[in-house]
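Containing mmCIF, C-alpha atoms: target_21.cif.
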data_input
loop_
_atom_site.label_atom_id
_atom_site.label_comp_id
_atom_site.auth_asym_id
_atom_site.auth_seq_id
_atom_site.Cartn_x
_atom_site.Cartn_y
_atom_site.Cartn_z
CA MET A 222 0.00 0.00 0.00
CA MET A 223 1.22 3.45 -0.92
CA LEU A 224 0.50 6.48 1.28
CA LEU A 225 -0.22 9.94 -0.13
CA ILE A 226 -0.04 12.64 2.53
CA GLN A 227 -2.03 15.84 2.01
CA ILE A 228 -0.75 19.11 3.48
CA HIS A 229 -3.29 21.75 2.36
CA SER A 230 -5.15 23.73 5.02
CA LEU A 231 -8.17 24.55 2.86
CA GLN A 232 -10.10 21.57 1.51
CA PHE A 233 -10.74 23.28 -1.84
CA HIS A 234 -7.02 22.95 -2.66
CA TYR A 235 -7.52 19.16 -2.81
CA TYR A 236 -8.54 19.37 -6.49
CA GLU A 237 -5.34 21.12 -7.57
CA PHE A 238 -2.66 19.55 -5.40
CA VAL A 239 -3.91 16.09 -4.40
CA LYS A 240 -6.34 14.81 -7.02
CA PRO A 241 -3.84 15.02 -9.92
CA ILE A 242 -1.45 12.78 -7.94
CA GLU A 243 -4.27 10.39 -7.03
CA ASP A 244 -5.16 10.20 -10.74
CA ILE A 245 -1.56 9.21 -11.58
CA LEU A 246 -1.63 6.50 -8.87
CA ARG A 247 -4.91 5.12 -10.25
CA ALA A 248 -3.56 5.21 -13.82
CA ASN A 249 -0.60 3.13 -12.61
CA HIS A 250 -2.89 0.65 -10.79
CA ILE A 251 -1.36 1.49 -7.41
CA SER A 252 -3.38 0.78 -4.26
CA PHE A 253 -3.10 3.80 -2.03
CA ILE A 254 -4.58 5.70 0.83
CA SER A 255 -4.70 9.46 0.69
CA LYS A 256 -4.88 11.28 4.02
CA HIS A 257 -4.27 14.68 5.53
CA TYR A 258 -1.27 14.75 7.89
CA LYS A 259 -3.49 15.62 10.83
CA HIS A 260 -5.44 12.39 10.37
CA LEU A 261 -2.51 9.96 9.99
CA SER A 262 -2.21 7.01 12.35
CA GLU A 263 0.94 5.09 13.22
CA ILE A 264 -0.47 2.09 11.33
CA ASP A 265 -0.88 4.20 8.16
CA ILE A 266 2.85 4.93 8.24
CA THR A 267 3.93 1.42 9.26
CA ASN A 268 1.88 -0.15 6.44
CA ALA A 269 3.08 2.27 3.76
CA LYS A 270 5.49 0.76 1.22
CA LYS A 271 6.28 4.22 -0.15
CA ILE A 272 5.14 7.69 0.79
CA ILE A 273 4.45 10.80 -1.26
CA ILE A 274 3.97 14.12 0.56
CA GLY A 275 2.16 16.52 -1.77
CA GLY A 276 2.21 20.29 -2.01
CA THR A 277 -0.24 23.13 -1.65
CA SER A 278 -0.81 26.72 -2.81
CA LEU A 279 1.67 29.62 -2.66
CA LYS A 280 -0.21 31.27 0.17
CA ASP A 281 -0.93 28.12 2.16
CA ASN A 282 1.98 27.67 4.59
CA THR A 283 0.11 26.41 7.66
CA PHE A 284 1.91 23.06 7.44
CA LEU A 285 5.23 24.76 8.23
CA ASN A 286 3.93 25.41 11.75
CA ASP A 287 3.00 21.75 12.18
CA LEU A 288 6.39 20.03 11.96
CA SER A 289 5.53 18.03 15.08
CA TYR A 290 3.18 15.91 12.94
CA PHE A 291 6.15 14.78 10.82
CA GLN A 292 8.64 13.63 13.45
CA TRP A 293 8.20 10.03 12.20
CA ILE A 294 10.09 10.85 8.98
CA PRO A 295 13.71 10.18 10.14
CA SER A 296 12.80 6.71 11.40
CA TYR A 297 10.80 5.72 8.29
CA LYS A 298 12.98 3.32 6.29
CA GLY A 299 10.97 3.25 3.04
CA ASN A 300 11.03 5.66 0.09
CA ILE A 301 9.64 9.15 0.55
CA LEU A 302 9.01 11.67 -2.22
CA GLY A 303 8.24 15.17 -0.94
CA ILE A 304 6.76 17.43 -3.61
CA CYS A 305 7.18 21.23 -3.25
CA GLY A 306 5.71 21.89 0.23
CA GLY A 307 6.44 18.21 0.91
CA MET A 308 10.09 18.85 0.01
CA HIS A 309 10.17 21.87 2.33
CA LEU A 310 8.86 19.69 5.16
CA LEU A 311 11.34 16.93 4.46
CA GLY A 312 14.27 19.34 4.60
CA LEU A 313 13.07 21.13 7.73
CA ILE A 314 12.64 17.82 9.57
CA TYR A 315 16.33 17.14 8.84
CA ASN A 316 17.27 20.65 10.05
CA GLU A 317 17.84 22.17 6.61
CA SER A 318 16.70 25.76 6.03
CA LEU A 319 14.42 27.59 3.58
CA GLU A 320 15.09 30.80 1.67
CA LYS A 321 12.61 32.99 -0.19
CA LYS A 322 13.03 32.40 -3.93
CA GLN A 323 10.05 32.39 -6.22
CA GLU A 324 9.62 30.37 -9.41
CA ILE A 325 6.21 30.18 -11.11
CA GLY A 326 5.41 28.54 -14.45
CA LEU A 327 7.40 26.41 -16.88
CA HIS A 328 11.17 26.38 -16.31
CA LYS A 329 14.12 24.32 -17.51
CA ILE A 330 16.05 22.37 -14.89
CA ILE A 331 19.35 20.49 -15.16
CA LEU A 332 19.62 16.91 -13.90
CA GLU A 333 23.01 15.93 -12.46
CA THR A 334 22.33 12.25 -13.09
CA ILE A 335 19.77 9.94 -14.67
CA LEU A 336 16.93 10.03 -12.21
CA PHE A 337 13.47 8.52 -12.21
CA GLY A 338 13.93 7.84 -15.91
CA GLU A 339 14.83 11.48 -16.68
CA LYS A 340 18.19 12.89 -17.79
CA ASP A 341 19.94 16.10 -18.90
CA GLU A 342 17.59 19.08 -19.14
CA ILE A 343 13.84 18.87 -18.63
CA GLU A 344 10.96 21.34 -18.53
CA VAL A 345 8.99 21.40 -15.32
CA TYR A 346 6.09 23.34 -13.79
CA GLU A 347 7.06 25.38 -10.74
CA LEU A 348 4.86 27.00 -8.10
CA HIS A 349 6.81 28.01 -5.02
CA ASN A 350 7.89 31.03 -2.97
CA TYR A 351 10.65 29.23 -1.05
CA CYS A 352 13.44 26.83 -1.86
CA LEU A 353 15.54 24.63 0.36
CA LYS A 354 19.21 25.39 1.10
CA PRO A 355 20.55 21.87 1.60
CA SER A 356 23.67 21.31 3.68
CA THR A 357 23.55 17.53 4.08
CA PHE A 358 21.16 16.48 1.27
CA SER A 359 22.65 15.80 -2.18
CA ILE A 360 21.44 18.02 -5.01
CA LEU A 361 20.43 15.84 -7.96
CA ALA A 362 18.88 18.58 -10.10
CA HIS A 363 18.81 22.36 -10.07
CA SER A 364 17.33 25.37 -11.85
CA LYS A 365 19.02 28.78 -12.15
CA LYS A 366 17.63 29.75 -8.74
CA CYS A 367 17.06 26.62 -6.65
CA PRO A 368 17.92 22.99 -5.95
CA GLN A 369 15.11 21.08 -7.68
CA ILE A 370 15.65 17.46 -6.64
CA ILE A 371 17.45 16.47 -3.45
CA LYS A 372 18.21 13.18 -1.70
CA HIS A 373 19.04 12.37 1.88
CA PRO A 374 22.70 11.14 2.16
CA LYS A 375 21.73 7.76 3.65
CA LYS A 376 18.00 7.19 3.24
CA PRO A 377 15.78 6.92 0.13
CA HIS A 378 14.11 10.20 1.04
CA TYR A 379 13.77 12.53 -1.95
CA GLY A 380 12.50 16.07 -2.33
CA VAL A 381 11.26 17.57 -5.61
CA LEU A 382 10.65 21.31 -5.70
CA PHE A 383 8.65 21.43 -8.95
CA HIS A 384 5.25 19.78 -9.49
CA PRO A 385 5.85 16.53 -11.42
CA GLU A 386 2.11 15.85 -11.51
CA VAL A 387 1.80 18.62 -14.12
CA ARG A 388 4.40 18.03 -16.85
CA ASN A 389 6.51 15.11 -15.51
CA LYS A 390 3.99 12.45 -14.55
CA GLN A 391 6.48 9.75 -15.53
CA LEU A 392 8.70 10.86 -12.63
CA ILE A 393 5.99 9.86 -10.19
CA ALA A 394 5.38 6.62 -12.10
CA SER A 395 9.12 5.82 -11.85
CA PHE A 396 9.09 6.52 -8.10
CA LEU A 397 6.21 4.06 -7.77
CA LYS A 398 8.00 1.21 -9.55
CA GLY A 399 8.16 -1.97 -7.53
CA ILE A 400 4.96 -1.46 -5.59
CA GLU A 401 2.40 -2.35 -8.25
CA GLU A 402 -0.20 -4.61 -6.69
CA MET B 42 -13.70 32.52 2.43
CA LYS B 43 -14.77 35.12 -0.17
CA ALA B 44 -13.53 34.53 -3.70
CA GLY B 45 -13.86 35.96 -7.19
CA VAL B 46 -14.21 33.64 -10.17
CA LEU B 47 -12.45 34.45 -13.45
CA PHE B 48 -15.52 33.93 -15.55
CA SER B 49 -15.92 33.52 -19.30
CA GLY B 50 -19.38 31.94 -19.26
CA GLY B 51 -17.95 28.77 -20.80
CA LYS B 52 -18.13 25.32 -19.26
CA ASP B 53 -14.77 25.38 -17.42
CA SER B 54 -15.18 28.62 -15.49
CA VAL B 55 -18.83 27.87 -14.65
CA TYR B 56 -17.91 24.37 -13.45
CA ALA B 57 -15.06 25.83 -11.35
CA ALA B 58 -17.60 28.20 -9.76
CA TYR B 59 -19.95 25.27 -9.14
CA LEU B 60 -17.19 23.28 -7.39
CA ALA B 61 -16.27 26.32 -5.31
CA LYS B 62 -19.81 26.75 -4.05
CA LYS B 63 -20.10 23.01 -3.39
CA ASN B 64 -16.93 23.25 -1.27
CA GLY B 65 -18.23 26.09 0.87
CA ILE B 66 -16.52 29.01 -0.88
CA ASP B 67 -18.50 32.28 -0.89
CA ILE B 68 -18.46 33.51 -4.50
CA ALA B 69 -18.45 37.26 -3.92
CA CYS B 70 -18.14 38.24 -7.58
CA LEU B 71 -17.50 37.05 -11.11
CA ILE B 72 -14.73 38.73 -13.12
CA THR B 73 -14.93 38.84 -16.90
CA LEU B 74 -12.31 40.23 -19.25
CA HIS B 75 -13.88 41.45 -22.48
CA SER B 76 -11.16 41.25 -25.08
CA GLU B 77 -11.22 43.13 -28.37
CA ASN B 78 -8.77 40.55 -29.69
CA LYS B 79 -10.41 37.29 -30.69
CA GLU B 80 -6.98 35.63 -30.72
CA SER B 81 -6.38 36.49 -27.04
CA TYR B 82 -3.89 34.19 -25.28
CA MET B 83 -5.72 34.53 -21.99
CA PHE B 84 -9.40 35.09 -22.51
CA HIS B 85 -12.31 33.33 -24.16
CA THR B 86 -14.11 35.84 -26.42
CA PRO B 87 -17.37 34.62 -28.08
CA SER B 88 -20.65 35.58 -26.41
CA ILE B 89 -18.78 37.15 -23.52
CA LEU B 90 -21.29 39.94 -22.88
CA LYS B 91 -23.95 37.29 -22.27
CA VAL B 92 -22.22 36.52 -19.01
CA LYS B 93 -24.31 39.39 -17.61
CA LYS B 94 -27.38 37.19 -18.00
CA GLN B 95 -25.56 34.27 -16.37
CA ALA B 96 -24.49 36.45 -13.46
CA GLU B 97 -28.09 37.66 -13.02
CA SER B 98 -29.31 34.08 -12.98
CA MET B 99 -26.66 33.20 -10.38
CA GLU B 100 -27.43 36.37 -8.42
CA ILE B 101 -23.71 37.15 -8.16
CA PRO B 102 -22.21 40.59 -8.93
CA LEU B 103 -20.19 40.81 -12.15
CA ILE B 104 -17.10 42.89 -12.89
CA ILE B 105 -16.46 43.41 -16.60
CA GLN B 106 -13.01 44.71 -17.52
CA GLU B 107 -12.36 45.82 -21.09
CA THR B 108 -9.00 44.83 -22.61
CA LYS B 109 -7.41 45.20 -26.01
CA GLY B 110 -6.23 41.62 -25.61
CA GLU B 111 -2.61 42.25 -26.53
CA LYS B 112 -0.23 39.58 -25.23
CA GLU B 113 1.11 40.40 -21.75
CA LYS B 114 -0.62 43.86 -21.76
CA GLU B 115 -3.94 42.10 -21.14
CA LEU B 116 -2.44 40.91 -17.86
CA ILE B 117 -2.35 44.52 -16.66
CA ASP B 118 -6.11 44.70 -17.28
CA LEU B 119 -6.62 41.38 -15.48
CA HIS B 120 -4.60 42.67 -12.55
CA LYS B 121 -6.71 45.86 -12.51
CA ALA B 122 -9.92 43.79 -12.42
CA ILE B 123 -8.64 41.61 -9.57
CA LYS B 124 -7.60 44.69 -7.57
CA HIS B 125 -11.07 46.13 -8.11
CA ALA B 126 -12.63 42.86 -6.84
CA ILE B 127 -10.39 42.93 -3.75
CA GLN B 128 -11.35 46.51 -2.95
CA LYS B 129 -15.06 46.25 -3.69
CA TYR B 130 -15.89 42.69 -2.61
CA LYS B 131 -13.07 41.96 -0.15
CA ILE B 132 -12.16 38.74 -1.94
CA GLU B 133 -9.37 36.62 -0.44
CA ALA B 134 -8.94 34.29 -3.42
CA ILE B 135 -9.32 33.91 -7.17
CA ILE B 136 -10.80 30.79 -8.77
CA THR B 137 -10.03 29.82 -12.36
CA GLY B 138 -11.16 27.07 -14.73
CA ALA B 139 -7.60 26.38 -15.95
CA ILE B 140 -7.04 22.72 -16.84
CA GLU B 141 -3.74 22.39 -18.70
CA SER B 142 -2.53 25.85 -19.66
CA ALA B 143 0.59 26.64 -17.65
CA TYR B 144 0.66 29.98 -19.49
CA GLN B 145 -2.72 31.07 -18.12
CA ALA B 146 -2.38 29.46 -14.70
CA SER B 147 1.07 30.86 -13.92
CA ARG B 148 0.09 34.40 -14.87
CA VAL B 149 -2.95 34.35 -12.61
CA GLN B 150 -0.84 32.80 -9.83
CA LYS B 151 1.67 35.67 -10.08
CA ILE B 152 -1.04 38.33 -9.86
CA CYS B 153 -2.64 36.61 -6.84
CA ASP B 154 0.76 36.37 -5.17
CA LYS B 155 1.39 40.09 -5.73
CA GLU B 156 -1.98 40.88 -4.18
CA ASN B 157 -1.38 38.40 -1.35
CA ILE B 158 -4.54 36.41 -2.07
CA ASP B 159 -4.98 32.68 -2.63
CA CYS B 160 -5.58 31.04 -6.01
CA PHE B 161 -7.69 27.94 -6.68
CA ASN B 162 -7.63 25.90 -9.89
CA PRO B 163 -10.10 23.08 -9.16
CA LEU B 164 -9.96 21.62 -12.70
CA TRP B 165 -6.15 21.57 -12.84
CA GLN B 166 -4.89 18.45 -14.68
CA LYS B 167 -8.39 16.98 -14.75
CA ASN B 168 -9.00 14.24 -17.30
CA GLN B 169 -10.92 16.09 -19.98
CA MET B 170 -13.20 13.24 -20.95
CA GLN B 171 -14.09 12.86 -17.28
CA LEU B 172 -14.83 16.60 -17.17
CA LEU B 173 -17.40 16.27 -19.98
CA HIS B 174 -19.05 13.31 -18.22
CA ASP B 175 -19.13 15.22 -14.91
CA LEU B 176 -20.77 18.22 -16.58
CA ILE B 177 -23.52 16.04 -18.03
CA GLU B 178 -23.99 14.19 -14.74
CA GLN B 179 -24.31 17.50 -12.86
CA HIS B 180 -27.01 18.68 -15.32
CA PHE B 181 -25.03 21.40 -17.04
CA GLU B 182 -26.72 22.56 -20.26
CA ILE B 183 -23.95 23.77 -22.54
CA ILE B 184 -23.84 24.75 -26.20
CA VAL B 185 -20.94 25.24 -28.60
CA THR B 186 -20.54 28.93 -29.53
CA GLY B 187 -17.32 28.80 -31.53
CA VAL B 188 -15.17 26.34 -33.48
CA PHE B 189 -11.63 27.09 -34.50
CA CYS B 190 -9.95 24.09 -36.09
CA TYR B 191 -10.23 21.46 -38.80
CA PRO B 192 -12.45 19.46 -39.21
CA LEU B 193 -14.90 21.36 -36.99
CA ASP B 194 -17.25 23.51 -39.06
CA GLN B 195 -20.41 25.61 -38.88
CA SER B 196 -22.56 22.54 -38.23
CA TRP B 197 -21.10 22.26 -34.71
CA LEU B 198 -22.37 25.68 -33.62
CA GLY B 199 -25.28 25.41 -31.17
CA LYS B 200 -24.68 21.70 -30.50
CA LYS B 201 -25.33 20.65 -26.93
CA ILE B 202 -22.66 18.90 -24.91
CA ASN B 203 -24.31 15.54 -24.32
CA GLN B 204 -23.49 11.87 -24.87
CA ASP B 205 -23.82 12.28 -28.67
CA PHE B 206 -21.37 15.18 -28.54
CA ILE B 207 -18.91 13.08 -26.54
CA ARG B 208 -19.17 10.24 -29.07
CA ASN B 209 -18.56 12.59 -32.01
CA VAL B 210 -15.73 14.55 -30.44
CA THR B 211 -14.07 11.30 -29.33
CA LYS B 212 -13.99 10.15 -32.97
CA LEU B 213 -12.33 13.44 -33.91
CA HIS B 214 -9.87 13.04 -31.06
CA ASP B 215 -8.92 9.57 -32.30
CA GLN B 216 -8.56 10.74 -35.90
CA TYR B 217 -7.29 14.33 -35.60
CA LYS B 218 -6.05 14.54 -31.96
CA ILE B 219 -8.63 17.23 -31.16
CA ASN B 220 -8.80 17.90 -27.46
CA VAL B 221 -12.19 16.56 -26.36
CA SER B 222 -12.99 19.46 -24.07
CA GLY B 223 -11.61 22.19 -26.33
CA GLU B 224 -8.82 23.12 -23.90
CA GLY B 225 -6.51 23.77 -26.84
CA GLY B 226 -8.93 26.40 -28.20
CA GLU B 227 -10.55 23.95 -30.65
CA PHE B 228 -14.03 25.07 -29.60
CA GLU B 229 -15.69 27.37 -27.12
CA SER B 230 -18.86 26.89 -25.15
CA PHE B 231 -21.58 28.77 -23.29
CA VAL B 232 -23.53 27.51 -20.28
CA LEU B 233 -27.31 27.97 -20.54
CA ASN B 234 -28.17 26.23 -17.29
CA CYS B 235 -26.51 24.53 -14.31
CA PRO B 236 -27.20 24.00 -10.60
CA LEU B 237 -25.91 27.53 -9.84
CA PHE B 238 -28.58 29.20 -11.99
CA LYS B 239 -31.89 30.28 -10.47
CA LYS B 240 -33.47 30.03 -13.92
CA PRO B 241 -32.25 28.55 -17.22
CA LEU B 242 -31.27 30.85 -20.09
CA GLN B 243 -32.76 30.52 -23.54
CA VAL B 244 -31.24 31.51 -26.85
CA ILE B 245 -33.53 34.11 -28.43
CA ASP B 246 -31.32 35.25 -31.29
CA LYS B 247 -28.06 34.28 -32.93
CA THR B 248 -25.64 35.68 -35.49
CA ILE B 249 -23.20 33.34 -37.15
CA THR B 250 -19.98 34.53 -38.76
CA GLY B 251 -16.91 32.76 -40.04
CA GLN B 252 -15.41 30.69 -42.78
CA LYS B 253 -13.91 27.26 -43.40
CA ASN B 254 -12.98 25.89 -39.95
CA SER B 255 -13.33 29.05 -37.90
CA TRP B 256 -16.88 29.96 -36.91
CA SER B 257 -18.45 31.99 -34.09
CA MET B 258 -22.05 32.22 -32.96
CA GLU B 259 -22.97 35.40 -31.11
CA ILE B 260 -26.12 34.73 -29.15
CA ASP B 261 -28.70 36.78 -27.35
CA VAL B 262 -30.20 35.08 -24.32
CA SER B 263 -33.06 35.75 -21.94
#
How does this structure look as structure tokens?
Amino acid sequence: MMLLIQIHSLQFHYYEFVKPIEDILRANHISFISKHYKHLSEIDITNAKKIIIGGTSLKDNTFLNDLSYFQWIPSYKGNILGICGGMHLLGLIYNESLEKKQEIGLHKIILETILFGEKDEIEVYELHNYCLKPSTFSILAHSKKCPQIIKHPKKPHYGVLFHPEVRNKQLIASFLKGIEE
Amino acid sequence: MKAGVLFSGGKDSVYAAYLAKKNGIDIACLITLHSENKESYMFHTPSILKVKKQAESMEIPLIIQETKGEKEKELIDLHKAIKHAIQKYKIEAIITGAIESAYQASRVQKICDKENIDCFNPLWQKNQMQLLHDLIEQHFEIIVTGVFCYPLDQSWLGKKINQDFIRNVTKLHDQYKINVSGEGGEFESFVLNCPLFKKPLQVIDKTITGQKNSWSMEIDVS
């Protein structure tokens, strides 16, 4: 079972930031549960083979005040993919910091390595006001302004700043490989 | 939360408004950009002044902002309209019917960010065939008011979006890769009735203009 964690504070953001990811999971025949972080149980996390933490709108930063709900992350041994706000959370839990740098719309990013089936330069859809300044995470892709894909030095915990559910759906499909049921 | 809907009167913006209301958003106003340029990158143009009748039926105030529709400059007019909505109706968010267009969505996002208000795109990335089915299921009565690509022609004007329409447009998708919901500008639509309307609209007059595979139907409704 795959776990998709929602971080929006207003339910109406579900359609824009959660449903597109759920649609990709369904298209890839992945069994999943999709829950808001405030409603997660320990069993949800224990049973999850992989975890995606989604994003939310530019103005919706409530989740940044709720890091206490995410203290389970360092002890989770499976794969995590944090998308945009989910990447911010992932970094903050590991004591990285954020800086204000905005990117909105389609941008080119450079991949340092072949990753999730992608290589070289790709076009991605961005929607963020902050980016992470990693000190311990490896930077696997970057734009002119920000690290775009990062990985924890020891764990399979990834952060993606752009929104792959918009123009890079195959990235999510690649992340899901191995858990088809 | 009070929000303004960027409103063209076509199926996507009306459905976005419907979803907003269903999710407890207070639609404080509708915002329509009336573009002189029929090739506008941002705004749907046919039958746009008929949105007044839709707004009356929805009992929601309407802001109409004129624009020449020149690329990028029309964004200044959009920004002006959104500022007006913030001042007059105290909106805290904008709602759009954007589905795939990163061009449109990102420009609205930037304006909302400058004005420090939220932005909702409830149809973002939605499967477009599913969208047509949802509209029919939710009793939206929609007609085609413009067609702009081969092999669509004058005969499509006035057609209702129903199961027959879906069958026909699916065939064209398979053969010509036409986007089934017209997101690529292949056709434009007008909503005559939906659950947000207090009373349905009726077409009382129409004027058809165009040639080959580019046709528009200006309608008068009551």
So that I can see what lies close to stretch 306-308 of chain A, please list as a PDB file with C-alpha atoms, in the coordinates of the input the residues with an atom at most 8 Å from it, counting only C-alpha atoms and leaving out residues fewer than 6 positions away in the same chain.
ATOM      1  CA  ILE A 228      -0.750  19.110   3.480  1.00  0.00           C
ATOM      2  CA  ILE A 273       4.450  10.800  -1.260  1.00  0.00           C
ATOM      3  CA  ILE A 274       3.970  14.120   0.560  1.00  0.00           C
ATOM      4  CA  GLY A 275       2.160  16.520  -1.770  1.00  0.00           C
ATOM      5  CA  GLY A 276       2.210  20.290  -2.010  1.00  0.00           C
ATOM      6  CA  THR A 277      -0.240  23.130  -1.650  1.00  0.00           C
ATOM      7  CA  LEU A 353      15.540  24.630   0.360  1.00  0.00           C
ATOM      8  CA  TYR A 379      13.770  12.530  -1.950  1.00  0.00           C
ATOM      9  CA  GLY A 380      12.500  16.070  -2.330  1.00  0.00           C
ATOM     10  CA  VAL A 381      11.260  17.570  -5.610  1.00  0.00           C
ATOM     11  CA  LEU A 382      10.650  21.310  -5.700  1.00  0.00           C
TER      12      LEU A 382
END
Checklist line | Nearest-residue call for chain A, choices B:Asn157, B:Thr211, B:Thr186, B:Asn254, using only C-alpha atoms | finding: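 Under the stated criterion, the closest residue is B:Asn157.
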Check: Counting all atoms listed in the file, what is within 8 Å of A:Gly326, bar same-chain residues fewer than 5 positions away, as a PyMOL selection string?
Finding: (chain A and resi 346-348) or (chain B and resi 143-144+146-148)
Checklist line | Spatial neighbours of B:Ser98, 12 Å, only C-alpha atoms, chain gap at least 4 places, as a VMD selection string | finding: chain B and resid 50 91 to 94 102 to 103 232 to 243 262 to 263
Next item on the list: Quick one: pull the distance between atom CA of A:Leu288 and atom CA of B:Asp159, Å, one decimal.
Entry: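 Distance between the two atoms: 22.4 Å.
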Margin query: Please identify all residues of chain B having at least one atom at most 12 Å from any atom of chain A, considering all atoms listed in the file, and return them as a ChimeraX atom specification.
Written below: /B:42,44,57-67,133-168,171
Next item on the list: Work out how far atom CA of A:Tyr290 is from atom CA of A:Cys367, in Å to one decimal.
Entry: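 About the pair atom CA of A:Cys367 and atom CA of A:Tyr290: they are 26.3 Å apart.
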Notebook entry, point to check: In terms of the shortest atom-to-atom distance over only C-alpha atoms, which of B:Asp215, B:Ile202, B:Lys121, B:Cys70 is closest to B:Met99?
Noted result: B:Cys70
Checklist line | Test item: residues at most 10 Å from A:His328, all atoms listed in the file, excluding those fewer than 6 positions along its chain, as a list in words | finding: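 Returned residues: Ile343, Glu344, Val345, Tyr346, Glu347, Ser364, Lys365 and Phe383 of chain A.
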Next item on the list: Work out how far atom CA of B:Lys253 is from atom CA of B:Gly223, in Å to one decimal.
Entry: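 Between atom CA of B:Gly223 and atom CA of B:Lys253 the gap works out to 18.0 Å.
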Notebook entry, point to check: Do you know which residues the PyMOL selection byres ((chain B and resi 260) around 7) returns on this file, as a list of chain:residue names?
Noted result: B:Ser88, B:Val244, B:Asp246, B:Lys247, B:Thr248, B:Met258, B:Glu259, B:Asp261, B:Val262
Notebook entry, point to check: Where does the PyMOL selection byres ((chain B and resi 191) around 9) land in this file, that is, which residues does it pick, as a PyMOL selection string?
Noted result: chain B and resi 188-190+192-194+217+219+227+253-255
Next item on the list: Tell me which of B:Ile101, B:Leu90, B:Leu74, B:Ile183 sits closest to B:Leu119, counting all atoms listed in the file.
Entry: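 Nearest candidate to B:Leu119 out of B:Ile101, B:Leu90, B:Leu74, B:Ile183: B:Leu74.
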Determine the residue set returned by the PyMOL selection byres ((chain A and resi 358-360) around 8) for the present structure, and present it as a compact mmCIF listing (two decimals) with C-alpha atoms, in the frame of the given file.
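Written output follows (out_26.txt):
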# COMPACT_ATOMS: atom_id res chain seq x y z
CA GLU A 333 23.01 15.93 -12.46
CA PRO A 355 20.55 21.87 1.60
CA SER A 356 23.67 21.31 3.68
CA THR A 357 23.55 17.53 4.08
CA LEU A 361 20.43 15.84 -7.96
CA ALA A 362 18.88 18.58 -10.10
CA HIS A 363 18.81 22.36 -10.07
CA PRO A 368 17.92 22.99 -5.95
CA GLN A 369 15.11 21.08 -7.68
CA ILE A 370 15.65 17.46 -6.64
CA ILE A 371 17.45 16.47 -3.45
CA LYS A 372 18.21 13.18 -1.70
CA HIS A 373 19.04 12.37 1.88
CA PRO A 374 22.70 11.14 2.16
Note to self: Using only C-alpha atoms, can you tell me which of A:His349, A:Lys329, A:Lys298, A:Lys271 comes closest to A:Leu246?
What the structure shows: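 Going through A:His349, A:Lys329, A:Lys298, A:Lys271 one by one, the smallest distance to A:Leu246 is for A:Lys271.
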Notebook entry, point to check: What residues have an atom no more than 12 Å from (3.8, 17.1, 11.6) in the file's own frame, counting only C-alpha atoms, and can you write them as an NGL selection string?
Noted result: :A and (226-228 or 257-262 or 274 or 283-294 or 307 or 310-311 or 313-314)
